[in-house]
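Asks: One structure follows; several queries about it will come next.
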Amino acid sequence: MNRIPPPTPNTPPPTPNTTRTYESAVGRVEEIIRRLDSGEAGLRETLDLVREGRELVEYCAGELDAVSQGLEELRLEELVARLTPAAPTAASAAQPAPSSGR
């Protein structure tokens, strides 16, 4: 069984220049869960892991909300495009309506 080493106390927090992705955050949450499930984490480490996990879950939820909002906007734009009649061109607007000949 693979053991996940405990985080070192001197590990610096992510800097603003560090790019966090949804995928990397999910991967880290999975590592945290495995470490917690192992029962090998001490009290302080458990607290630190739970705090980190909570922050990552909140980040992931925010990313999912943002993507969901983007998809919603795309769907609305597509719906509006389908429901909006094509605007008449200048040439067709200038021509009189055909008469029935009566």
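Labels used: A, B, ... for chains in the order of the structure tokens, numbers from 1 for residues in each chain, and numbers from 1 for ligands as shown.
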Please provide the set of residues having any atom within 8 Å of Ala25 (chain A), restricted to only C-alpha atoms, with same-chain residues fewer than 4 positions apart removed, written as a PyMOL selection string.

Replies: chain A and resi 20-21+29+56-57+59-60

Asks: Under the rule that only C-alpha atoms are counted, which of A:Gln69, A:Leu64, A:Glu77, A:Arg28 is the nearest residue to Val50 (chain A)?

Replies: A:Arg28

Asks: For CA of Leu71 (chain A) and CA of Glu23 (chain A), quote the distance in Å rounded to one decimal.

Replies: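 Going from CA of Leu71 (chain A) over to CA of Glu23 (chain A), I get 18.7 Å.
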
Asks: Counting only C-alpha atoms, which residue out of A:Ala61, A:Leu79, A:Leu49, A:Leu74 sits closest to Asp37 (chain A)?

Replies: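 Checking each candidate against Asp37 (chain A), we get A:Leu49 as the closest.
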